[in-house]
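Visitor: Sharing data32.txt, compact mmCIF, C-alpha atoms:
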```
# COMPACT_ATOMS: atom_id res chain seq x y z
CA MET A 299 221.00 166.33 117.44
CA PRO A 300 220.52 170.05 118.01
CA ALA A 301 223.46 172.40 117.66
CA PRO A 302 224.60 173.69 121.06
CA HIS A 303 222.95 176.92 122.14
CA GLY A 304 224.51 179.75 120.17
CA GLY A 305 225.97 177.29 117.64
CA LYS A 306 229.16 176.12 119.32
CA LEU A 307 229.84 174.03 122.38
CA VAL A 308 232.06 175.95 124.75
CA TYR A 309 235.09 174.07 126.05
CA ARG A 310 237.43 176.22 128.09
CA VAL A 311 239.81 173.85 129.85
CA ASN A 312 243.58 174.17 130.03
CA ASN A 313 245.53 172.44 132.77
CA LYS A 314 248.86 173.87 131.62
CA ILE A 315 248.26 177.45 132.73
CA GLU A 316 250.98 178.79 135.03
CA ILE A 317 249.29 180.17 138.14
CA ALA A 318 252.14 180.64 140.59
CA ASP A 319 252.22 184.45 140.64
CA LEU A 320 248.54 185.18 140.29
CA PRO A 321 246.33 186.37 143.16
CA GLU A 322 243.81 183.86 144.40
CA ILE A 323 240.18 184.17 145.45
CA ARG A 324 238.45 181.41 147.37
CA ILE A 325 235.05 180.46 145.99
CA ASP A 326 232.33 178.31 147.51
CA GLU A 327 231.14 175.05 146.01
CA ASP A 328 228.11 176.63 144.32
CA MET A 329 230.38 179.03 142.48
CA ALA A 330 232.83 176.23 141.68
CA LYS A 331 230.02 174.35 139.95
CA GLU A 332 229.17 177.44 137.89
CA VAL A 333 232.82 177.73 136.87
CA GLU A 334 232.88 174.12 135.67
CA ASN A 335 229.53 174.55 133.91
CA ILE A 336 230.94 177.50 131.99
CA ALA A 337 234.14 175.65 131.13
CA TYR A 338 232.44 172.45 129.99
CA GLY A 339 229.78 174.20 127.92
CA VAL A 340 226.72 173.46 130.05
CA PHE A 341 226.12 177.21 129.80
CA SER A 342 227.12 177.55 126.10
CA PRO A 343 227.45 180.10 124.56
CA ILE A 344 228.49 181.81 127.83
CA GLU A 345 232.28 181.73 128.15
CA GLY A 346 232.64 183.42 131.49
CA PHE A 347 230.84 185.55 134.03
CA ILE A 348 228.72 187.97 132.08
CA CYS A 349 229.52 191.61 131.46
CA LYS A 350 227.21 194.58 131.91
CA ASN A 351 225.57 194.70 128.47
CA ASP A 352 224.60 191.04 128.65
CA PHE A 353 223.43 191.45 132.24
CA GLU A 354 221.12 194.30 131.33
CA SER A 355 219.92 192.61 128.17
CA ILE A 356 219.04 189.44 130.13
CA LEU A 357 217.09 191.45 132.67
CA GLU A 358 215.23 193.50 130.06
CA HIS A 359 214.83 191.14 127.12
CA MET A 360 215.61 187.63 128.42
CA ARG A 361 218.32 187.49 125.76
CA LEU A 362 222.03 188.06 125.53
CA GLU A 363 223.14 191.25 123.85
CA ASN A 364 223.49 189.29 120.57
CA ASP A 365 219.79 188.24 120.72
CA ILE A 366 220.43 184.64 121.82
CA PRO A 367 217.80 183.55 124.37
CA TRP A 368 219.16 183.60 127.93
CA THR A 369 217.13 184.20 131.05
CA ILE A 370 219.34 183.83 134.13
CA PRO A 371 222.46 185.98 134.63
CA ILE A 372 225.63 184.06 135.48
CA VAL A 373 227.37 186.60 137.67
CA PHE A 374 230.35 186.92 139.97
CA ASP A 375 230.14 189.45 142.80
CA ILE A 376 233.46 190.83 143.92
CA GLU A 377 235.22 192.52 146.75
CA ASN A 378 236.92 195.88 146.40
CA GLY A 379 240.54 195.84 145.30
CA ILE A 380 240.05 193.93 142.06
CA LYS A 381 240.26 195.93 138.88
CA GLU A 382 239.56 195.54 135.20
CA GLY A 383 242.41 193.78 133.40
CA ASP A 384 243.38 191.69 136.43
CA GLU A 385 243.90 187.97 136.10
CA ILE A 386 242.92 186.01 139.17
CA ILE A 387 242.72 182.40 140.21
CA LEU A 388 239.43 181.09 141.54
CA LYS A 389 239.86 178.17 143.88
CA ALA A 390 237.37 176.04 145.79
CA GLU A 391 237.90 173.65 148.67
CA SER A 392 236.89 170.75 146.41
CA GLY A 393 239.86 171.58 144.19
CA THR A 394 238.14 173.42 141.35
CA THR A 395 240.70 175.89 140.02
CA ALA A 396 240.17 178.39 137.22
CA LEU A 397 241.68 181.46 135.65
CA PHE A 398 239.36 184.48 135.58
CA LYS A 399 240.32 187.36 133.29
CA ILE A 400 238.45 190.40 134.53
CA GLU A 401 237.15 192.37 131.55
CA GLU A 402 234.64 194.60 133.28
CA ILE A 403 233.52 195.62 136.74
CA TYR A 404 230.06 197.08 137.08
CA GLY A 405 227.43 198.03 139.59
CA TYR A 406 223.84 196.88 139.48
CA ASP A 407 220.47 197.60 141.03
CA LYS A 408 219.59 194.73 143.38
CA LYS A 409 215.88 195.45 143.44
CA LYS A 410 215.65 195.65 139.67
CA TYR A 411 217.67 192.43 139.36
CA ALA A 412 215.36 190.62 141.78
CA GLU A 413 212.16 192.03 140.31
CA GLN A 414 213.07 191.14 136.73
CA ILE A 415 214.31 187.63 137.44
CA PHE A 416 212.03 186.54 140.28
CA ARG A 417 209.04 188.86 139.73
CA THR A 418 209.28 189.85 143.38
CA ILE A 419 211.51 191.72 145.79
CA ASP A 420 210.22 189.76 148.76
CA SER A 421 213.29 188.73 150.73
CA ALA A 422 211.47 185.56 151.80
CA HIS A 423 212.07 184.34 148.26
CA PRO A 424 215.37 182.37 148.36
CA GLY A 425 216.60 183.87 145.07
CA VAL A 426 215.87 187.43 146.19
CA LYS A 427 217.53 186.75 149.54
CA ARG A 428 220.63 185.57 147.71
CA ILE A 429 220.76 188.73 145.59
CA MET A 430 220.34 190.97 148.63
CA GLU A 431 223.33 189.24 150.25
CA MET A 432 225.57 189.75 147.21
CA ARG A 433 228.36 192.29 147.12
CA GLU A 434 227.69 195.59 145.38
CA LYS A 435 229.62 194.96 142.17
CA PHE A 436 229.96 192.23 139.58
CA ALA A 437 233.02 191.25 137.58
CA GLY A 438 232.61 189.94 134.05
CA GLY A 439 235.16 188.06 131.98
CA LYS A 440 236.18 184.72 130.55
CA ILE A 441 236.92 181.63 132.59
CA THR A 442 239.42 178.89 131.87
CA LEU A 443 239.21 175.77 134.01
CA ILE A 444 242.61 174.56 135.16
CA ARG A 445 241.56 171.77 137.48
CA GLU A 446 238.25 170.02 138.03
CA GLY A 447 237.10 169.62 141.63
CA GLU A 448 236.28 166.39 143.42
CA GLU A 449 232.78 165.10 142.81
CA LYS A 450 231.12 162.61 145.15
CA PHE A 451 228.95 161.24 142.34
CA LYS A 452 231.66 161.12 139.69
CA LYS A 453 230.07 158.18 137.89
CA TYR A 454 227.11 160.41 137.11
CA TYR A 455 229.03 163.55 136.21
CA LEU A 456 228.82 163.69 132.43
CA LYS A 457 229.69 166.78 130.45
CA PRO A 458 227.84 167.93 127.32
CA TYR A 459 230.64 166.70 125.04
CA GLU A 460 230.20 163.25 126.61
CA THR A 461 226.40 163.06 126.50
CA ARG A 462 226.46 164.21 122.87
CA ILE A 463 228.75 161.34 121.98
CA LEU A 464 226.72 158.98 124.17
CA PHE A 465 223.42 159.83 122.46
CA LYS A 466 225.04 159.50 119.06
CA GLU A 467 226.50 156.08 119.94
CA LYS A 468 223.12 154.93 121.22
CA GLY A 469 221.56 156.01 117.95
CA TRP A 470 219.25 158.46 119.70
CA ARG A 471 218.14 161.25 117.41
CA ASP A 472 215.34 162.64 119.57
CA VAL A 473 216.11 162.80 123.27
CA VAL A 474 213.81 164.12 125.98
CA ALA A 475 215.29 165.59 129.15
CA PHE A 476 213.68 165.30 132.55
CA GLN A 477 214.71 167.71 135.25
CA THR A 478 214.21 166.65 138.85
CA ARG A 479 215.16 167.53 142.41
CA ASN A 480 213.12 164.79 144.08
CA VAL A 481 212.74 161.04 144.43
CA PRO A 482 210.51 159.50 141.77
CA HIS A 483 206.88 158.62 142.40
CA ILE A 484 204.51 156.99 139.95
CA GLY A 485 203.37 160.34 138.58
CA HIS A 486 206.94 161.22 137.59
CA GLU A 487 207.38 157.85 135.94
CA TYR A 488 204.26 158.28 133.84
CA VAL A 489 205.31 161.74 132.71
CA GLN A 490 208.71 160.38 131.68
CA LYS A 491 207.33 157.31 129.94
CA THR A 492 204.62 159.23 128.12
CA ALA A 493 207.28 161.54 126.69
CA LEU A 494 209.64 158.65 126.01
CA THR A 495 206.99 156.94 123.89
CA PHE A 496 207.50 159.58 121.21
CA VAL A 497 211.30 159.88 121.22
CA ASP A 498 214.35 157.62 121.14
CA GLY A 499 215.63 158.05 124.68
CA ILE A 500 215.18 159.83 127.98
CA PHE A 501 217.87 161.79 129.77
CA ILE A 502 217.06 161.89 133.49
CA ASN A 503 219.04 164.77 134.87
CA PRO A 504 218.66 165.43 138.62
CA ILE A 505 219.97 168.70 139.99
CA ILE A 506 222.62 168.01 142.57
CA GLY A 507 223.83 170.62 144.99
CA LYS A 508 222.83 172.74 147.92
CA LYS A 509 219.42 171.72 149.25
CA LYS A 510 217.17 173.06 151.92
CA LYS A 511 216.41 171.26 155.19
CA GLY A 512 213.91 168.45 154.75
CA ASP A 513 214.73 167.82 151.06
CA PHE A 514 215.84 164.36 150.05
CA LYS A 515 219.61 163.89 150.14
CA ASP A 516 221.31 163.80 146.73
CA GLU A 517 222.46 160.24 147.32
CA VAL A 518 218.89 159.10 148.02
CA ILE A 519 217.59 160.76 144.85
CA LEU A 520 220.26 159.09 142.73
CA LYS A 521 219.88 155.65 144.32
CA SER A 522 216.10 155.75 143.99
CA TYR A 523 216.35 156.69 140.29
CA GLU A 524 219.00 154.04 139.76
CA THR A 525 216.55 151.48 141.16
CA LEU A 526 213.63 152.77 139.12
CA ILE A 527 215.62 152.67 135.88
CA LYS A 528 217.02 149.21 136.62
CA ASN A 529 213.60 147.73 137.30
CA TYR A 530 211.22 149.65 135.09
CA TYR A 531 213.08 151.13 132.09
CA LEU A 532 214.71 149.61 129.05
CA LYS A 533 218.44 149.95 129.53
CA GLU A 534 218.90 151.17 125.96
CA ARG A 535 216.27 153.91 126.38
CA ALA A 536 217.25 155.72 129.59
CA VAL A 537 220.36 157.54 130.76
CA MET A 538 220.87 159.34 134.05
CA SER A 539 223.52 161.89 134.86
CA ILE A 540 223.65 164.79 137.27
CA LEU A 541 223.36 168.51 136.69
CA ARG A 542 225.59 170.34 139.13
CA THR A 543 224.02 173.72 139.58
CA MET A 544 222.02 175.52 142.20
CA MET A 545 218.28 175.96 142.04
CA ARG A 546 217.40 179.62 141.58
CA TYR A 547 213.65 179.22 142.11
CA ALA A 548 213.05 181.65 139.25
CA GLY A 549 210.04 179.72 137.94
CA PRO A 550 209.37 180.53 134.26
CA ARG A 551 212.75 182.13 133.57
CA GLU A 552 214.48 179.15 135.13
CA ALA A 553 212.43 176.75 132.99
CA ILE A 554 213.97 178.38 129.91
CA PHE A 555 217.41 178.20 131.50
CA HIS A 556 216.90 174.51 132.33
CA ALA A 557 215.84 173.83 128.74
CA ILE A 558 218.91 175.60 127.33
CA MET A 559 221.26 173.53 129.48
CA ARG A 560 219.61 170.31 128.29
CA LYS A 561 219.91 171.48 124.68
CA ASN A 562 223.63 171.79 125.30
CA PHE A 563 223.68 168.21 126.56
CA GLY A 564 222.22 167.22 123.17
CA CYS A 565 218.52 166.90 124.02
CA THR A 566 215.81 167.80 121.52
CA HIS A 567 212.90 167.93 123.97
CA PHE A 568 212.43 169.10 127.52
CA ILE A 569 209.66 168.18 129.95
CA VAL A 570 208.07 171.10 131.75
CA GLY A 571 205.67 170.23 134.52
CA ARG A 572 203.48 172.16 136.90
CA ASP A 573 205.15 175.08 138.72
CA HIS A 574 208.54 174.27 137.25
CA ALA A 575 211.36 175.70 139.41
CA GLY A 576 208.79 177.45 141.53
CA VAL A 577 208.76 178.16 145.23
CA GLY A 578 205.89 179.34 147.43
CA ASN A 579 203.19 181.13 145.47
CA TYR A 580 205.35 183.53 143.50
CA TYR A 581 204.42 182.08 140.08
CA GLY A 582 201.26 180.75 138.52
CA PRO A 583 201.22 176.96 138.17
CA TYR A 584 201.62 177.13 134.39
CA ASP A 585 203.62 180.35 133.94
CA ALA A 586 206.59 178.15 133.08
CA HIS A 587 204.62 176.76 130.15
CA GLU A 588 203.53 180.09 128.75
CA ILE A 589 206.96 181.69 128.73
CA PHE A 590 208.09 179.30 126.00
CA ASN A 591 205.78 181.18 123.58
CA GLU A 592 208.27 184.03 123.69
CA PHE A 593 211.13 181.90 122.38
CA PRO A 594 210.52 180.57 118.88
CA ASP A 595 214.28 180.33 118.49
CA LEU A 596 215.09 178.29 121.60
CA GLY A 597 216.18 175.23 119.63
CA ILE A 598 214.68 172.69 122.04
CA THR A 599 211.04 171.65 122.09
CA PRO A 600 209.20 171.86 125.40
CA ILE A 601 206.76 169.09 126.28
CA PHE A 602 204.18 170.41 128.69
CA PHE A 603 202.56 168.21 131.26
CA ARG A 604 199.90 168.85 133.80
CA SER A 605 199.66 166.47 136.73
CA PHE A 606 199.15 162.74 136.42
CA PHE A 607 197.01 161.00 139.03
CA TYR A 608 195.58 157.59 139.77
CA CYS A 609 191.90 157.10 138.94
CA LYS A 610 190.12 154.35 140.85
CA LYS A 611 187.40 154.17 138.20
CA CYS A 612 189.84 154.01 135.26
CA GLY A 613 192.00 151.64 137.27
CA GLY A 614 195.22 153.31 136.19
CA VAL A 615 197.37 156.39 136.00
CA VAL A 616 195.73 159.13 133.94
CA ASN A 617 195.64 162.88 133.54
CA GLU A 618 192.89 165.46 133.17
CA LYS A 619 192.95 165.18 129.39
CA ILE A 620 192.07 161.52 129.33
CA CYS A 621 190.05 160.80 132.48
CA PRO A 622 186.31 161.66 132.47
CA HIS A 623 185.72 160.81 136.13
CA GLY A 624 185.20 163.05 139.13
CA LYS A 625 187.72 164.02 141.74
CA GLU A 626 186.24 161.53 144.19
CA TYR A 627 187.91 158.78 142.15
CA HIS A 628 191.30 160.44 141.99
CA ILE A 629 194.39 159.88 144.09
CA TYR A 630 196.92 162.67 143.59
CA TYR A 631 200.65 162.17 143.80
CA SER A 632 201.87 164.45 146.50
CA GLY A 633 205.55 164.68 147.32
CA THR A 634 204.56 166.07 150.71
CA THR A 635 202.25 163.12 151.50
CA ILE A 636 204.90 160.63 150.44
CA ARG A 637 207.51 162.43 152.52
CA GLU A 638 205.23 162.38 155.59
CA MET A 639 204.62 158.64 155.18
CA LEU A 640 208.33 157.95 154.88
CA ILE A 641 209.10 160.04 157.97
CA LYS A 642 206.59 157.93 159.91
CA GLY A 643 208.26 154.78 158.61
CA GLU A 644 205.23 153.85 156.48
CA THR A 645 205.71 152.40 153.01
CA PRO A 646 203.80 154.42 150.39
CA PRO A 647 201.20 152.36 148.51
CA GLU A 648 202.30 150.84 145.21
CA ASN A 649 199.95 153.01 143.19
CA MET A 650 201.92 155.98 144.55
CA MET A 651 205.52 154.79 144.59
CA ARG A 652 207.30 151.69 143.27
CA LYS A 653 208.02 149.18 146.04
CA GLU A 654 211.70 148.99 145.09
CA VAL A 655 212.06 152.78 145.21
CA ALA A 656 210.34 152.99 148.59
CA GLU A 657 212.60 150.25 149.94
CA ILE A 658 215.71 152.11 148.85
CA ILE A 659 214.55 155.32 150.50
CA MET A 660 213.59 153.51 153.70
CA SER A 661 216.94 151.75 153.83
CA TYR A 662 218.48 155.10 154.83
CA GLU A 663 218.39 155.94 158.50
CA ASN A 664 217.69 159.53 157.53
CA PRO A 665 217.01 160.16 153.83
CA PHE A 666 216.50 163.90 154.39
CA VAL A 667 218.83 166.85 154.54
CA GLU A 668 219.25 167.97 158.16
CA MET B 103 209.27 200.45 117.65
CA SER B 104 211.36 202.80 119.73
CA ASN B 105 215.07 202.86 119.28
CA GLU B 106 215.74 201.90 122.92
CA LYS B 107 219.44 202.50 123.56
CA GLY B 108 220.17 201.76 119.90
CA LYS B 109 219.00 198.17 120.27
CA TYR B 110 216.41 198.34 117.52
CA THR B 111 216.57 199.26 113.87
CA THR B 112 214.01 199.94 111.19
CA VAL B 113 213.32 197.51 108.36
CA SER B 114 211.02 198.42 105.50
CA ILE B 115 208.33 196.00 104.44
CA PRO B 116 205.63 196.54 101.80
CA THR B 117 202.60 198.40 103.15
CA PRO B 118 200.11 195.69 102.04
CA LEU B 119 202.17 193.11 103.95
CA ALA B 120 202.16 195.32 107.02
CA GLU B 121 198.37 195.60 106.71
CA LYS B 122 198.05 191.81 106.47
CA ILE B 123 200.17 191.39 109.57
CA LYS B 124 198.13 194.00 111.38
CA LYS B 125 194.97 191.97 110.71
CA ARG B 126 196.74 188.71 111.48
CA ILE B 127 197.79 189.76 114.97
CA GLU B 128 194.42 191.09 116.07
CA GLY B 129 193.35 189.26 119.22
CA THR B 130 196.70 187.51 119.62
CA GLY B 131 199.40 188.17 122.18
CA PHE B 132 201.40 190.20 119.67
CA THR B 133 201.28 193.86 120.52
CA SER B 134 202.71 195.27 117.28
CA ILE B 135 203.74 194.46 113.74
CA SER B 136 207.35 194.69 114.90
CA SER B 137 206.90 192.10 117.65
CA TYR B 138 205.29 189.71 115.16
CA VAL B 139 207.96 190.19 112.52
CA THR B 140 210.68 189.74 115.18
CA TYR B 141 209.04 186.50 116.33
CA VAL B 142 208.74 185.09 112.83
CA LEU B 143 212.28 186.00 111.86
CA ARG B 144 213.74 184.49 115.02
CA GLU B 145 211.80 181.30 114.35
CA LEU B 146 212.95 181.20 110.75
CA LEU B 147 216.60 181.80 111.55
CA ALA B 148 216.56 179.19 114.33
CA SER B 149 215.18 176.61 111.91
CA MET B 150 218.18 177.24 109.70
CA GLU B 151 220.68 176.73 112.52
CA GLU B 152 223.53 174.58 111.31
CA GLU B 153 224.58 171.27 112.78
CA GLU B 154 227.39 171.52 115.26
CA GLU B 155 230.97 171.30 114.20
CA GLU B 156 233.06 168.55 115.79
CA VAL B 157 234.95 169.89 118.80
CA PHE B 158 237.06 166.81 119.41
CA SER B 159 239.40 164.79 117.27
CA LYS B 160 238.62 161.14 116.49
CA GLU B 161 241.26 160.15 119.04
CA ASP B 162 239.64 162.27 121.76
CA GLU B 163 236.25 160.88 120.84
CA GLU B 164 237.53 157.33 121.31
CA LYS B 165 238.82 158.25 124.78
CA ILE B 166 235.42 159.65 125.68
CA LYS B 167 233.71 156.47 124.46
CA GLU B 168 236.15 154.44 126.54
CA ARG B 169 235.20 156.40 129.66
CA LEU B 170 231.51 155.97 128.88
CA ARG B 171 232.05 152.21 128.55
CA ALA B 172 234.00 152.09 131.81
CA LEU B 173 231.16 153.90 133.58
CA GLY B 174 228.59 151.51 132.15
CA TYR B 175 226.86 153.97 129.83
CA LEU B 176 227.92 152.10 126.70
CA ASP B 177 228.31 148.35 126.09
```
Can you turn what I pasted into structure tokens?
Guide:
Amino acid sequence: MPAPHGGKLVYRVNNKIEIADLPEIRIDEDMAKEVENIAYGVFSPIEGFICKNDFESILEHMRLENDIPWTIPIVFDIENGIKEGDEIILKAESGTTALFKIEEIYGYDKKKYAEQIFRTIDSAHPGVKRIMEMREKFAGGKITLIREGEEKFKKYYLKPYETRILFKEKGWRDVVAFQTRNVPHIGHEYVQKTALTFVDGIFINPIIGKKKKGDFKDEVILKSYETLIKNYYLKERAVMSILRTMMRYAGPREAIFHAIMRKNFGCTHFIVGRDHAGVGNYYGPYDAHEIFNEFPDLGITPIFFRSFFYCKKCGGVVNEKICPHGKEYHIYYSGTTIREMLIKGETPPENMMRKEVAEIIMSYENPFVE
Amino acid sequence: MSNEKGKYTTVSIPTPLAEKIKKRIEGTGFTSISSYVTYVLRELLASMEEEEEEVFSKEDEEKIKERLRALGYLD
């Protein structure tokens, strides 16, 4: 099993902290998830919201100040009135409560931040839009989780210290992680099973959180994967748990970030597909593959896949490396096509989606986010 | 390599080795001897990364296994 990123799994939880006299700041559920990710070591070696030197180093070098690879800043934008040295309580409606010791307050250049992380300053990009809406200053400092918030999918909320023990107990030495934010079609299944062939187990790790209109609901994604695993995977070879973090849509940089989080969960390999964490046409389809060349010290091995498709001539699911036939024989797996069929109440064909998965999705009156 | 904000330092390597590296990186994505040496050293050091130390006691570990069993992850 790989060492956690940076060498040590962060665990910053203490439910005995006295908070009565401390000022409180309300945080939204996205921020609450970041707080818990810090505390439970999903973001190891990060121990809090980052300070200025790390922020600048991430933007410039895609590394923390101490040279450890890190591509996405974990930041906390603040209102005026808070000063360095303050101790404040962060509290979310779901119950997440944490102590935040403010070490540093610093300004930043929004355009530079957006350009470096997203390669664009186009406010139509959801990540850029988010930056432009942030307050003018960030606060950096360590976090200590006092109380975990409520989680609707608690059964699937495993922390890195749990998955590490789980993989060890299962006897898995090599574990491949699969990141998803969609329901599974046959193409996904083949990617997963091709990778699984060479390792001991697969860790299916859907991102759960804020979604945009028209996306599949979290519950539908989880139920459809539950069904797929139950019917088409060996129980002793597949584990699913959720990753509670927001999508940044930072393409290649986010692919590295996604890989680091899975390393912290104890995975040795990470599947990177076409246009990983992309949105619109801001990144090339395989930019998220190439960026891994810059990180010989990442500590998790990427497995790159191009698209799988069904070939009528081969009579099976193939990819461009193994199928010699022309495009006229190929049926491509398109999430958009499947979505359109489901909206019309049509069952996708079995060479596109497993019958059991389609049935689960269609059992929902509305499987999409409104 | 420039000493950008004090974030870089100079390391001496034998001239013949530097020449070898210079030839080695021709036509690759490496833009300088420094970028190549940095890459190789990072790779080397990462390969020597030590196994993690145990964060939890045996008792805590048993509790975690119990939760994993209760959730159906372990038999």
Visitor: So, counting all atoms listed in the file, which residue among A:Leu362, A:Leu596, A:Ile505, A:Val615 is closest to Ala301 in chain A?
Guide: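 Among the listed residues, the smallest separation from Ala301 in chain A belongs to A:Leu596.
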Visitor: By how many Å are CA of Pro594 in chain A and CA of Glu145 in chain B apart?
Guide: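 Answer for the CA of Pro594 in chain A to CA of Glu145 in chain B separation: 4.8 Å.
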Visitor: Which residues are near Asp177 in chain B? Cut-off 10 Å, only C-alpha atoms, ignore same chain within fewer than 6 positions. Put them as a PyMOL selection string.
Guide: (chain A and resi 468+534) or (chain B and resi 167-168+170-171)
Visitor: Compile the contact shell of Gly379 in chain A as a VMD selection string: residues with an atom at most 12 Å away, counting only C-alpha atoms, same-chain residues fewer than 5 positions apart removed.
Guide: chain A and resid 321 323 384 386 403 435 437
Visitor: Could you check how far CA of Tyr547 in chain A sits from CA of Thr394 in chain A, in Å to one decimal?
Guide: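 Pair CA of Tyr547 in chain A / CA of Thr394 in chain A returns 25.2 Å.
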Visitor: Please report as CSV every residue of chain A lying within 9 Å of chain B, along with the nearest atom pair and their distance in Å (one decimal), using only C-alpha atoms.
Guide:
```
residue,atom,partner,partner_atom,distance
A:Met299,CA,B:Glu153,CA,7.7
A:Pro300,CA,B:Glu153,CA,6.7
A:Ala301,CA,B:Glu154,CA,4.7
A:Pro302,CA,B:Glu154,CA,6.8
A:Gly305,CA,B:Glu154,CA,6.4
A:Lys306,CA,B:Glu154,CA,6.4
A:Leu307,CA,B:Val157,CA,7.5
A:Val308,CA,B:Val157,CA,9.0
A:Tyr309,CA,B:Val157,CA,8.4
A:Glu363,CA,B:Lys109,CA,8.8
A:Lys453,CA,B:Leu173,CA,6.2
A:Tyr454,CA,B:Leu173,CA,8.4
A:Leu456,CA,B:Leu170,CA,8.9
A:Tyr459,CA,B:Val157,CA,8.2
A:Glu460,CA,B:Ile166,CA,6.4
A:Ile463,CA,B:Lys167,CA,7.4
A:Leu464,CA,B:Leu170,CA,7.4
A:Glu467,CA,B:Leu176,CA,8.0
A:Lys468,CA,B:Leu176,CA,7.8
A:Val537,CA,B:Tyr175,CA,7.5
A:Glu592,CA,B:Tyr141,CA,7.8
A:Phe593,CA,B:Tyr141,CA,7.9
A:Pro594,CA,B:Glu145,CA,4.8
A:Asp595,CA,B:Ala148,CA,4.9
A:Leu596,CA,B:Ala148,CA,7.5
A:Gly597,CA,B:Ala148,CA,6.6
```
Visitor: CA of Arg535 in chain A to CA of Asp472 in chain A: how many Å, to one decimal?
Guide: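 Going from CA of Arg535 in chain A over to CA of Asp472 in chain A, I get 11.1 Å.
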Visitor: For Ser137 in chain B, which of B:Met150, B:Ser114, B:Ser159, B:Ile123 is the closest residue, counting only C-alpha atoms?
Guide: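 Nearest candidate to Ser137 in chain B out of B:Met150, B:Ser114, B:Ser159, B:Ile123: B:Ile123.
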Visitor: Set the distance at 6 Å and use all atoms listed in the file: which residues neighbour Thr369 in chain A once local chain neighbours fewer than 2 positions away are removed? I'd like the list as a ChimeraX atom specification.
Guide: /A:356,360,551
Visitor: May I have the residues within 10 Å of Pro665 in chain A as JSON, numbers by chain, using only C-alpha atoms and disregarding those fewer than 4 positions away in the same chain?
Guide: {"A": [512, 513, 514, 515, 516, 517, 518, 519, 637, 640, 641, 658, 659, 660, 661]}
Visitor: Which residues come within 9 Å of Phe465 in chain A, counting only C-alpha atoms, excluding same-chain residues fewer than 4 positions away, as a list in words?
Guide: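 In the requested format, the answer is Met299, Glu460, Thr461, Gly469, Trp470, Arg471, Val473, Gly499, Gly564 and Cys565 of chain A.
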Visitor: Pick from A:Asp420, A:Glu648, A:Asp375, A:Asp365: nearest to His303 in chain A, with only C-alpha atoms counted?
Guide: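 Answer, going by the shortest atom-to-atom distance: A:Asp365.
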